[in-house]
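Engineer: This is the content of data36.tsv (TSV, C-alpha atoms):
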chain	number	residue	atom	x	y	z
W	876	MET	CA	98.38	-37.70	-39.25
W	877	GLN	CA	99.28	-36.05	-42.53
W	878	TYR	CA	101.46	-32.95	-42.81
W	879	MET	CA	101.68	-30.16	-45.38
W	880	THR	CA	104.36	-27.59	-46.19
W	881	LEU	CA	103.58	-24.05	-45.04
W	882	GLY	CA	103.84	-21.50	-47.85
W	883	GLN	CA	107.38	-21.24	-49.17
W	884	THR	CA	108.94	-22.31	-45.88
W	885	ALA	CA	110.49	-25.65	-44.99
W	886	MET	CA	108.00	-26.17	-42.15
W	887	LYS	CA	105.45	-28.98	-42.32
W	888	ALA	CA	102.30	-28.64	-40.22
W	889	SER	CA	99.76	-31.28	-39.25
W	890	ARG	CA	96.44	-31.14	-41.09
W	891	ILE	CA	94.83	-30.50	-37.69
W	892	THR	CA	96.05	-27.44	-35.80
W	893	PHE	CA	95.24	-27.11	-32.11
W	894	GLY	CA	93.45	-23.79	-31.61
W	895	CYS	CA	94.11	-22.28	-28.19
W	896	TRP	CA	91.46	-19.56	-27.96
W	897	GLU	CA	89.27	-21.46	-25.49
W	898	MET	CA	92.02	-22.03	-22.95
W	899	GLY	CA	92.54	-18.28	-22.65
W	900	GLY	CA	89.24	-18.06	-20.81
W	901	GLU	CA	87.50	-14.71	-21.00
W	902	LYS	CA	84.60	-15.45	-23.40
W	903	TRP	CA	84.93	-19.20	-22.86
W	904	LYS	CA	84.29	-20.97	-19.57
W	905	LEU	CA	87.59	-22.42	-18.40
W	906	THR	CA	87.98	-25.95	-17.10
W	907	SER	CA	91.39	-25.58	-15.44
W	908	ASP	CA	94.89	-24.68	-16.56
W	909	GLU	CA	96.19	-28.13	-15.67
W	910	THR	CA	93.44	-29.79	-17.72
W	911	ASN	CA	94.31	-27.63	-20.71
W	912	ILE	CA	98.02	-28.37	-20.38
W	913	GLN	CA	97.19	-32.07	-20.53
W	914	VAL	CA	94.92	-31.57	-23.56
W	915	VAL	CA	97.71	-29.78	-25.42
W	916	ARG	CA	100.13	-32.58	-24.61
W	917	THR	CA	97.56	-35.14	-25.77
W	918	ALA	CA	97.38	-33.32	-29.10
W	919	LEU	CA	101.17	-33.53	-29.44
W	920	GLU	CA	101.15	-37.24	-28.55
W	921	ASN	CA	98.57	-37.87	-31.28
W	922	GLY	CA	100.49	-36.30	-34.14
W	923	VAL	CA	99.45	-32.66	-33.91
W	924	ASN	CA	102.53	-30.46	-34.21
W	925	SER	CA	100.82	-27.13	-35.00
W	926	PHE	CA	99.51	-24.86	-32.23
W	927	ASP	CA	97.76	-21.51	-32.66
W	928	THR	CA	97.30	-18.79	-30.04
W	929	ALA	CA	97.25	-14.98	-29.75
W	930	GLU	CA	98.12	-12.22	-27.31
W	931	GLY	CA	94.42	-11.36	-27.27
W	932	TYR	CA	93.27	-14.75	-25.99
W	933	GLY	CA	92.65	-14.09	-22.32
W	934	ALA	CA	95.09	-11.16	-22.30
W	935	GLY	CA	97.98	-13.55	-22.91
W	936	HIS	CA	96.75	-16.37	-20.66
W	937	SER	CA	96.41	-18.78	-23.59
W	938	GLU	CA	100.05	-18.14	-24.54
W	939	THR	CA	101.15	-18.75	-20.96
W	940	ILE	CA	99.39	-22.12	-20.77
W	941	LEU	CA	100.68	-23.16	-24.19
W	942	GLY	CA	104.22	-22.24	-23.17
W	943	LYS	CA	103.97	-24.42	-20.07
W	944	ALA	CA	102.43	-27.31	-21.99
W	945	LEU	CA	105.10	-27.37	-24.70
W	946	GLU	CA	108.10	-26.76	-22.48
W	947	GLY	CA	110.82	-29.24	-23.41
W	948	ARG	CA	109.15	-30.04	-26.74
W	949	ARG	CA	109.75	-26.75	-28.56
W	950	LYS	CA	111.67	-28.28	-31.47
W	951	ASP	CA	108.80	-30.70	-32.13
W	952	CYS	CA	106.25	-27.91	-32.60
W	953	ILE	CA	105.11	-25.15	-34.89
W	954	ILE	CA	103.89	-22.29	-32.70
W	955	ALA	CA	101.81	-19.47	-34.12
W	956	THR	CA	100.64	-16.38	-32.29
W	957	LYS	CA	99.08	-13.07	-33.29
W	958	VAL	CA	99.43	-9.35	-32.64
W	959	SER	CA	96.20	-7.46	-31.93
W	960	PRO	CA	95.02	-4.69	-34.30
W	961	GLU	CA	95.64	-1.91	-31.77
W	962	ASN	CA	99.33	-2.91	-31.63
W	963	LEU	CA	100.21	-2.71	-35.31
W	964	ASN	CA	102.46	0.34	-35.22
W	965	ALA	CA	106.17	-0.47	-35.44
W	966	SER	CA	107.15	-0.07	-31.78
W	967	SER	CA	104.08	-1.92	-30.49
W	968	VAL	CA	104.60	-4.86	-32.84
W	969	ARG	CA	108.03	-5.47	-31.32
W	970	LYS	CA	106.79	-5.06	-27.74
W	971	SER	CA	103.89	-7.42	-28.40
W	972	LEU	CA	106.11	-10.12	-29.88
W	973	GLU	CA	108.66	-9.84	-27.08
W	974	ALA	CA	105.87	-10.21	-24.49
W	975	SER	CA	104.42	-13.19	-26.37
W	976	LEU	CA	107.82	-14.88	-26.54
W	977	LYS	CA	108.21	-14.51	-22.79
W	978	ARG	CA	104.80	-16.06	-22.11
W	979	LEU	CA	105.44	-18.85	-24.63
W	980	ARG	CA	108.85	-19.60	-23.09
W	981	THR	CA	110.62	-19.49	-26.43
W	982	ASP	CA	113.01	-17.19	-28.25
W	983	TYR	CA	111.14	-17.28	-31.58
W	984	VAL	CA	107.72	-18.08	-33.03
W	985	ASP	CA	107.26	-20.05	-36.22
W	986	ILE	CA	104.34	-17.96	-37.45
W	987	TYR	CA	103.41	-14.41	-36.44
W	988	TYR	CA	100.03	-13.18	-37.64
W	989	ILE	CA	98.40	-9.80	-37.96
W	990	HIS	CA	95.23	-10.82	-36.11
W	991	TRP	CA	92.94	-8.24	-37.71
W	992	PRO	CA	93.74	-5.39	-40.12
W	993	ASN	CA	93.72	-1.84	-38.74
W	994	PRO	CA	92.89	0.81	-41.36
W	995	GLY	CA	94.20	3.49	-38.99
W	996	ILE	CA	97.77	2.18	-39.17
W	997	PRO	CA	99.56	2.01	-42.54
W	998	MET	CA	100.13	-1.54	-43.73
W	999	GLU	CA	103.61	-0.48	-44.82
W	1000	GLU	CA	104.57	0.40	-41.23
W	1001	THR	CA	103.32	-2.91	-39.88
W	1002	MET	CA	104.91	-5.03	-42.57
W	1003	SER	CA	108.20	-3.18	-42.22
W	1004	ALA	CA	108.24	-4.10	-38.52
W	1005	PHE	CA	107.36	-7.73	-39.30
W	1006	ASN	CA	110.08	-7.98	-41.95
W	1007	LYS	CA	112.69	-6.66	-39.51
W	1008	LEU	CA	111.65	-9.12	-36.81
W	1009	LYS	CA	111.90	-11.91	-39.35
W	1010	GLU	CA	115.40	-10.82	-40.34
W	1011	GLU	CA	116.36	-10.92	-36.66
W	1012	GLY	CA	115.09	-14.49	-36.34
W	1013	LEU	CA	112.30	-13.71	-33.87
W	1014	LEU	CA	109.72	-15.11	-36.30
W	1015	ARG	CA	110.06	-17.58	-39.15
W	1016	ALA	CA	107.00	-16.81	-41.26
W	1017	ILE	CA	104.53	-13.95	-41.58
W	1018	GLY	CA	100.78	-14.55	-41.65
W	1019	VAL	CA	97.61	-12.50	-41.82
W	1020	SER	CA	94.19	-13.28	-40.38
W	1021	ASN	CA	90.74	-11.94	-41.26
W	1022	PHE	CA	92.10	-10.16	-44.34
W	1023	SER	CA	90.09	-9.54	-47.49
W	1024	LEU	CA	91.62	-10.49	-50.84
W	1025	GLU	CA	92.48	-6.83	-51.47
W	1026	GLN	CA	94.20	-6.50	-48.08
W	1027	LEU	CA	96.13	-9.72	-48.68
W	1028	LYS	CA	97.36	-8.43	-52.04
W	1029	GLU	CA	98.44	-5.16	-50.42
W	1030	ALA	CA	100.39	-6.96	-47.69
W	1031	LEU	CA	102.04	-9.28	-50.22
W	1032	LYS	CA	103.49	-6.28	-52.05
W	1033	LEU	CA	105.29	-5.32	-48.83
W	1034	GLY	CA	106.79	-8.65	-47.85
W	1035	ARG	CA	106.47	-12.42	-48.09
W	1036	ILE	CA	103.17	-13.73	-46.71
W	1037	ASP	CA	103.27	-17.48	-46.17
W	1038	LEU	CA	99.93	-18.00	-44.41
W	1039	ILE	CA	96.44	-16.65	-44.13
W	1040	GLN	CA	93.99	-17.59	-41.40
W	1041	PRO	CA	90.34	-17.00	-42.33
W	1042	GLU	CA	87.08	-18.30	-40.93
W	1043	TYR	CA	85.99	-21.30	-42.98
W	1044	SER	CA	83.38	-24.00	-42.46
W	1045	LEU	CA	80.23	-25.45	-43.96
W	1046	LEU	CA	78.51	-22.32	-42.64
W	1047	GLN	CA	81.14	-19.76	-43.71
W	1048	ARG	CA	82.52	-20.11	-47.23
W	1049	ASP	CA	83.43	-16.57	-48.25
W	1050	ILE	CA	87.08	-17.47	-48.92
W	1051	GLU	CA	85.94	-19.61	-51.85
W	1052	LYS	CA	85.19	-16.33	-53.68
W	1053	GLY	CA	88.78	-15.69	-54.71
W	1054	ILE	CA	91.03	-16.08	-51.67
W	1055	LEU	CA	91.57	-19.84	-51.99
W	1056	GLN	CA	92.53	-19.59	-55.65
W	1057	PHE	CA	94.81	-16.59	-55.08
W	1058	CYS	CA	96.58	-18.38	-52.23
W	1059	SER	CA	97.07	-21.48	-54.36
W	1060	GLU	CA	98.56	-19.39	-57.17
W	1061	ASN	CA	100.92	-17.59	-54.77
W	1062	ARG	CA	101.94	-20.51	-52.54
W	1063	ILE	CA	100.21	-19.12	-49.47
W	1064	SER	CA	98.96	-21.71	-47.01
W	1065	VAL	CA	95.43	-21.49	-45.60
W	1066	MET	CA	94.79	-22.42	-41.97
W	1067	SER	CA	91.08	-22.09	-41.21
W	1068	TYR	CA	89.43	-21.24	-37.90
W	1069	SER	CA	85.89	-21.87	-36.57
W	1070	SER	CA	85.97	-25.25	-38.28
W	1071	ILE	CA	82.78	-26.36	-36.50
W	1072	ALA	CA	81.16	-22.90	-36.54
W	1073	LYS	CA	81.67	-22.28	-32.81
W	1074	GLY	CA	79.76	-25.44	-31.97
W	1075	ILE	CA	76.81	-25.37	-34.37
W	1076	LEU	CA	78.24	-28.13	-36.59
W	1077	THR	CA	78.50	-30.51	-33.62
W	1078	GLY	CA	74.71	-30.82	-33.73
W	1079	VAL	CA	74.22	-30.04	-30.05
W	1080	PHE	CA	71.90	-27.09	-30.73
W	1081	HIS	CA	69.70	-28.92	-33.23
W	1082	ILE	CA	69.81	-32.61	-32.36
W	1083	GLY	CA	70.95	-32.31	-28.75
W	1084	LYS	CA	68.64	-29.31	-28.13
W	1085	ALA	CA	71.29	-27.46	-26.15
W	1086	GLN	CA	70.53	-23.82	-25.38
W	1087	LEU	CA	72.91	-20.88	-25.19
W	1088	ALA	CA	72.92	-18.84	-22.02
W	1089	GLU	CA	71.71	-15.28	-22.52
W	1090	ASP	CA	75.17	-13.92	-21.70
W	1091	ASP	CA	76.99	-16.32	-24.05
W	1092	PHE	CA	79.06	-14.24	-26.46
W	1093	ARG	CA	77.78	-16.33	-29.37
W	1094	ALA	CA	74.10	-15.55	-28.78
W	1095	PRO	CA	73.88	-12.33	-30.86
W	1096	ARG	CA	76.08	-13.61	-33.67
W	1097	ARG	CA	74.73	-14.16	-37.16
W	1098	LEU	CA	74.70	-17.96	-37.23
W	1099	PHE	CA	73.14	-18.23	-33.76
W	1100	LEU	CA	70.12	-16.02	-34.42
W	1101	LYS	CA	66.92	-18.03	-33.97
W	1102	ALA	CA	65.70	-17.60	-37.55
W	1103	HIS	CA	69.08	-18.64	-38.92
W	1104	MET	CA	69.39	-21.61	-36.58
W	1105	GLU	CA	66.11	-22.89	-37.96
W	1106	LYS	CA	67.43	-22.64	-41.52
W	1107	GLU	CA	70.66	-24.43	-40.51
W	1108	SER	CA	68.65	-27.44	-39.41
W	1109	GLU	CA	68.58	-28.76	-43.00
W	1110	LEU	CA	72.39	-28.93	-43.06
W	1111	ILE	CA	72.69	-30.50	-39.62
W	1112	HIS	CA	70.27	-33.29	-40.53
W	1113	ALA	CA	72.00	-33.88	-43.87
W	1114	MET	CA	75.27	-34.19	-41.96
W	1115	LYS	CA	73.70	-36.55	-39.44
W	1116	LYS	CA	72.57	-38.90	-42.17
W	1117	ILE	CA	76.13	-39.21	-43.51
W	1118	ALA	CA	77.69	-39.34	-40.04
W	1119	ASP	CA	75.33	-42.07	-38.84
W	1120	THR	CA	76.05	-44.18	-41.92
W	1121	ARG	CA	79.79	-43.84	-41.35
W	1122	LYS	CA	79.54	-44.12	-37.55
W	1123	ILE	CA	81.42	-40.86	-37.03
W	1124	THR	CA	80.54	-37.64	-35.21
W	1125	LEU	CA	79.19	-34.51	-36.88
W	1126	SER	CA	82.32	-32.67	-35.78
W	1127	GLN	CA	84.52	-35.23	-37.51
W	1128	LEU	CA	82.45	-34.87	-40.66
W	1129	ALA	CA	82.65	-31.06	-40.61
W	1130	ILE	CA	86.42	-31.14	-40.16
W	1131	SER	CA	86.89	-33.84	-42.81
W	1132	TRP	CA	84.87	-31.75	-45.29
W	1133	LEU	CA	87.30	-28.88	-44.73
W	1134	LEU	CA	90.35	-31.07	-45.20
W	1135	HIS	CA	88.96	-32.28	-48.53
W	1136	LYS	CA	88.67	-28.72	-49.87
W	1137	GLU	CA	91.41	-27.92	-52.37
W	1138	GLY	CA	93.78	-25.25	-51.06
W	1139	LEU	CA	93.09	-25.84	-47.36
W	1140	THR	CA	96.32	-26.64	-45.50
W	1141	SER	CA	95.21	-27.16	-41.91
W	1142	ALA	CA	91.98	-26.81	-39.92
W	1143	LEU	CA	92.07	-25.24	-36.47
W	1144	VAL	CA	90.23	-27.23	-33.83
W	1145	GLY	CA	89.97	-25.99	-30.26
W	1146	THR	CA	88.67	-27.85	-27.22
W	1147	GLN	CA	89.24	-28.24	-23.50
W	1148	ASN	CA	88.04	-31.83	-23.62
W	1149	ARG	CA	90.54	-34.63	-24.20
W	1150	LYS	CA	87.91	-37.06	-25.58
W	1151	HIS	CA	86.64	-34.50	-28.09
W	1152	LEU	CA	90.20	-33.69	-29.11
W	1153	ILE	CA	91.07	-37.31	-29.90
W	1154	GLU	CA	87.81	-37.68	-31.86
W	1155	ASN	CA	88.52	-34.55	-33.87
W	1156	ILE	CA	92.10	-35.57	-34.67
W	1157	LYS	CA	90.72	-38.76	-36.23
W	1158	ALA	CA	88.87	-36.59	-38.77
W	1159	ALA	CA	92.17	-36.28	-40.65
W	1160	ASP	CA	91.94	-39.98	-41.56
W	1161	ILE	CA	88.36	-39.92	-42.90
W	1162	GLU	CA	87.99	-40.22	-46.68
W	1163	LEU	CA	84.75	-38.74	-48.00
W	1164	THR	CA	83.33	-39.80	-51.36
W	1165	GLY	CA	82.62	-37.41	-54.20
W	1166	ASP	CA	78.90	-37.92	-53.66
W	1167	GLU	CA	79.20	-37.07	-49.95
W	1168	MET	CA	81.21	-33.94	-50.68
W	1169	GLY	CA	78.77	-32.90	-53.41
W	1170	ASN	CA	75.80	-33.40	-51.11
W	1171	LEU	CA	77.36	-31.38	-48.29
W	1172	ASP	CA	78.44	-28.63	-50.69
W	1173	ALA	CA	74.95	-28.33	-52.17
W	1174	VAL	CA	73.04	-28.30	-48.88
W	1175	SER	CA	75.56	-25.92	-47.33
W	1176	MET	CA	75.19	-23.41	-50.17
W	1177	ARG	CA	71.40	-23.69	-50.11
W	1178	VAL	CA	71.36	-22.92	-46.39
W	1179	LEU	CA	73.83	-20.05	-46.71
W	1180	ASN	CA	71.88	-18.51	-49.57
W	1181	SER	CA	68.72	-18.71	-47.49
W	1182	ILE	CA	70.41	-17.09	-44.49
W	1183	ASP	CA	71.89	-14.30	-46.60
W	1184	ALA	CA	68.76	-13.66	-48.66
W	1185	PRO	CA	67.52	-10.04	-48.33
Output the structure of this file as structure tokens.
Structural biologist:
Amino acid sequence: MQYMTLGQTAMKASRITFGCWEMGGEKWKLTSDETNIQVVRTALENGVNSFDTAEGYGAGHSETILGKALEGRRKDCIIATKVSPENLNASSVRKSLEASLKRLRTDYVDIYYIHWPNPGIPMEETMSAFNKLKEEGLLRAIGVSNFSLEQLKEALKLGRIDLIQPEYSLLQRDIEKGILQFCSENRISVMSYSSIAKGILTGVFHIGKAQLAEDDFRAPRRLFLKAHMEKESELIHAMKKIADTRKITLSQLAISWLLHKEGLTSALVGTQNRKHLIENIKAADIELTGDEMGNLDAVSMRVLNSIDAP
């Protein structure tokens, strides 16, 4: 496993970050808490030291499970959690963090994110609260998630931002339109989520012919619409050709592509399956050629342009 420095901090995070959304339940079907505790510990045993959760994942359940899983190993880990947009006023930020710390069984978090911006609450109020909590030692670094470039610039005027967490994958590349370059210029680390596009880039819906249940939260989303899934088939089959040649999985290829992108610090990968986790961690060791990257870049952009065409 390789590690990279986070922003202007002294912390070094693994190139793979364990994303804990799924083990909160709610929108995702849970296996069991004990299974998820073991999966988290497997990640730690295989070099992953970065773990990402949020108060909104299962109304805090994800934080509770992560706290149990990492108990006794706190100093070996970088723990990130997030405050929900409805809790961005000063008093609520503190209450949210204190509740998260209790569930996580720790007295500080390494990274505290604004999960989503809230235009109804002044950024200055939120950042002032974050800065105070940082001064008190309850958080080590401030991050923002799902921010536009303009929102990131506004937040940076109000305090040090060391991380941003955007959606980024072969099927979502908006951050390449300015955010990646700005972050590189300002020493802001980028930790991406939805690295395999909520399952599409595993190939199970195109090659495996899996079907989403009607009540699956992903069904109405942009990339899962029938017409768009058909257009995505070109990318999936281009990926399969490379993956088959290399004898790797499509998920490993999708994650490796991310880790080869300049400016990307760590890719979030979430799973409740130990076998899939170990496979995905191995993506950090895959070296793609310039031709492979160029091919994936070109097909990805062609598919995205087709999806987004008026």
Engineer: Mind pulling up the distance from atom CA of W:Leu1038 to atom CA of W:Gln1026?
Structural biologist: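 So the two atoms, atom CA of W:Gln1026 and atom CA of W:Leu1038, lie 13.4 Å apart.
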Engineer: Please build the interface table for stretch 900-945 of chain W against stretch 1154-1178 of chain W with a cut-off of 12 Å, listing for each qualifying residue the nearest atom pair and the distance in Å to one decimal; count only C-alpha atoms, order rows by chain and increasing number, and write it as JSON lines.
Structural biologist:
{"residue": "W:Thr917", "atom": "CA", "partner": "W:Ile1156", "partner_atom": "CA", "distance": 10.5}
{"residue": "W:Ala918", "atom": "CA", "partner": "W:Ile1156", "partner_atom": "CA", "distance": 8.0}
{"residue": "W:Leu919", "atom": "CA", "partner": "W:Ile1156", "partner_atom": "CA", "distance": 10.7}
{"residue": "W:Glu920", "atom": "CA", "partner": "W:Ile1156", "partner_atom": "CA", "distance": 11.1}
{"residue": "W:Asn921", "atom": "CA", "partner": "W:Ile1156", "partner_atom": "CA", "distance": 7.7}
{"residue": "W:Gly922", "atom": "CA", "partner": "W:Ile1156", "partner_atom": "CA", "distance": 8.4}
{"residue": "W:Val923", "atom": "CA", "partner": "W:Ile1156", "partner_atom": "CA", "distance": 7.9}
{"residue": "W:Asn924", "atom": "CA", "partner": "W:Ile1156", "partner_atom": "CA", "distance": 11.6}
Engineer: Could you check the closest approach to W:Ile1050 for each of W:Ala1088, W:Leu1128, W:Ile986, W:Leu1139 and tell me which residue wins, using only C-alpha atoms?
Structural biologist: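 Among the listed residues, W:Leu1139 lies closest to W:Ile1050.
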Engineer: When you count only C-alpha atoms, which of these residues is closest to W:Ala1142: W:Ile1054, W:Ala934, W:Ala885, W:Ala1072?
Structural biologist: W:Ala1072
Engineer: Calculated over only C-alpha atoms, which of the candidates W:Ile1130, W:Cys1058, W:Ile1182, W:Ile1082 has the smallest distance to W:His1103?
Structural biologist: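 Residue with the minimum atom-to-atom distance to W:His1103: W:Ile1182.
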Engineer: Report the closest atom pair, with its distance in Å rounded to one decimal, for each residue of stretch 1065-1099 of chain W that has an atom no farther than 10 Å from stretch 1112-1121 of chain W; count all atoms listed in the file, sort by chain and then rising residue number, and write it as JSON lines.
Structural biologist:
{"residue": "W:Leu1076", "atom": "CA", "partner": "W:Met1114", "partner_atom": "CA", "distance": 8.6}
{"residue": "W:Thr1077", "atom": "CA", "partner": "W:Lys1115", "partner_atom": "CA", "distance": 9.7}
{"residue": "W:Gly1078", "atom": "CA", "partner": "W:Lys1115", "partner_atom": "CA", "distance": 8.2}
{"residue": "W:His1081", "atom": "CA", "partner": "W:His1112", "partner_atom": "CA", "distance": 8.5}
{"residue": "W:Ile1082", "atom": "CA", "partner": "W:His1112", "partner_atom": "CA", "distance": 8.2}
Engineer: Between W:Ile953, W:Ala1016, W:Leu905, W:Leu1031, which one has atoms that come closest to W:Ile891, using only C-alpha atoms?
Structural biologist: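 Checking each of W:Ile953, W:Ala1016, W:Leu905, W:Leu1031 against W:Ile891, counting only C-alpha atoms, the winner is W:Ile953.
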Engineer: Could you give me, as a CSV table (one decimal) with C-alpha atoms, in the coordinates of the input, the residues within 10 Å of W:Cys952, counting only C-alpha atoms and dropping anything in the same chain fewer than 5 positions from it?
Structural biologist:
chain,number,residue,atom,x,y,z
W,886,MET,CA,108.0,-26.2,-42.2
W,887,LYS,CA,105.4,-29.0,-42.3
W,888,ALA,CA,102.3,-28.6,-40.2
W,889,SER,CA,99.8,-31.3,-39.2
W,919,LEU,CA,101.2,-33.5,-29.4
W,923,VAL,CA,99.4,-32.7,-33.9
W,924,ASN,CA,102.5,-30.5,-34.2
W,925,SER,CA,100.8,-27.1,-35.0
W,926,PHE,CA,99.5,-24.9,-32.2
W,945,LEU,CA,105.1,-27.4,-24.7
W,984,VAL,CA,107.7,-18.1,-33.0
W,985,ASP,CA,107.3,-20.0,-36.2
Engineer: So, counting only C-alpha atoms, which residue among W:Ile1123, W:Ala1085, W:Ile1036, W:Leu1133 is closest to W:Gln883?
Structural biologist: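 Residue with the minimum atom-to-atom distance to W:Gln883: W:Ile1036.
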Engineer: Please compute the atom CA of W:Gly1138-atom CA of W:Leu979 distance, one decimal, in Å.
Structural biologist: 29.6 Å
Engineer: From (109.9, -10.6, -43.6), in the file's coordinates, out to 12 Å: which residues are reached, counting all atoms listed in the file? Answer as number ranges by chain.
Structural biologist: W: 884, 986-988, 999, 1001-1018, 1030-1037
Engineer: Write out the residues from the selection above, keeping C-alpha atoms, as a PDB file, keeping the file's coordinate frame.
Structural biologist:
ATOM      1  CA  THR W 884     108.940 -22.310 -45.880  1.00  0.00           C
ATOM      2  CA  ILE W 986     104.340 -17.960 -37.450  1.00  0.00           C
ATOM      3  CA  TYR W 987     103.410 -14.410 -36.440  1.00  0.00           C
ATOM      4  CA  TYR W 988     100.030 -13.180 -37.640  1.00  0.00           C
ATOM      5  CA  GLU W 999     103.610  -0.480 -44.820  1.00  0.00           C
ATOM      6  CA  THR W1001     103.320  -2.910 -39.880  1.00  0.00           C
ATOM      7  CA  MET W1002     104.910  -5.030 -42.570  1.00  0.00           C
ATOM      8  CA  SER W1003     108.200  -3.180 -42.220  1.00  0.00           C
ATOM      9  CA  ALA W1004     108.240  -4.100 -38.520  1.00  0.00           C
ATOM     10  CA  PHE W1005     107.360  -7.730 -39.300  1.00  0.00           C
ATOM     11  CA  ASN W1006     110.080  -7.980 -41.950  1.00  0.00           C
ATOM     12  CA  LYS W1007     112.690  -6.660 -39.510  1.00  0.00           C
ATOM     13  CA  LEU W1008     111.650  -9.120 -36.810  1.00  0.00           C
ATOM     14  CA  LYS W1009     111.900 -11.910 -39.350  1.00  0.00           C
ATOM     15  CA  GLU W1010     115.400 -10.820 -40.340  1.00  0.00           C
ATOM     16  CA  GLU W1011     116.360 -10.920 -36.660  1.00  0.00           C
ATOM     17  CA  GLY W1012     115.090 -14.490 -36.340  1.00  0.00           C
ATOM     18  CA  LEU W1013     112.300 -13.710 -33.870  1.00  0.00           C
ATOM     19  CA  LEU W1014     109.720 -15.110 -36.300  1.00  0.00           C
ATOM     20  CA  ARG W1015     110.060 -17.580 -39.150  1.00  0.00           C
ATOM     21  CA  ALA W1016     107.000 -16.810 -41.260  1.00  0.00           C
ATOM     22  CA  ILE W1017     104.530 -13.950 -41.580  1.00  0.00           C
ATOM     23  CA  GLY W1018     100.780 -14.550 -41.650  1.00  0.00           C
ATOM     24  CA  ALA W1030     100.390  -6.960 -47.690  1.00  0.00           C
ATOM     25  CA  LEU W1031     102.040  -9.280 -50.220  1.00  0.00           C
ATOM     26  CA  LYS W1032     103.490  -6.280 -52.050  1.00  0.00           C
ATOM     27  CA  LEU W1033     105.290  -5.320 -48.830  1.00  0.00           C
ATOM     28  CA  GLY W1034     106.790  -8.650 -47.850  1.00  0.00           C
ATOM     29  CA  ARG W1035     106.470 -12.420 -48.090  1.00  0.00           C
ATOM     30  CA  ILE W1036     103.170 -13.730 -46.710  1.00  0.00           C
ATOM     31  CA  ASP W1037     103.270 -17.480 -46.170  1.00  0.00           C
TER      32      ASP W1037
END
Engineer: Distance atom CA of W:Lys1084-atom CA of W:Gln1127, one decimal place?
Structural biologist: 19.4 Å
Engineer: Identify, on the basis of all atoms listed in the file, every residue whose closest approach to stretch 938-942 of chain W does not exceed 10 Å; exclude the query and any residue fewer than 3 positions from it along the same chain; express the result as a PyMOL selection string.
Structural biologist: chain W and resi 895-896+898-899+908-909+911-912+915-916+926-935+945-949+954-956+974-981
Engineer: Kindly indicate which residue among W:Leu972, W:Ala1102, W:Met1066, W:Leu1125 lies nearest to W:Val1079, using only C-alpha atoms for the distances.
Structural biologist: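 Using only C-alpha atoms, the shortest distance to W:Val1079 belongs to W:Leu1125.
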Engineer: Given 3 Å of margin on each side, can you work out the centre and size in Å (one decimal) of an axis-aligned box holding every listed atom of stretch 1151-1154 of chain W, as lines of an AutoDock Vina configuration file?
Structural biologist:
center_x = 88.9
center_y = -35.7
center_z = -30.0
size_x = 10.4
size_y = 10.0
size_z = 9.8
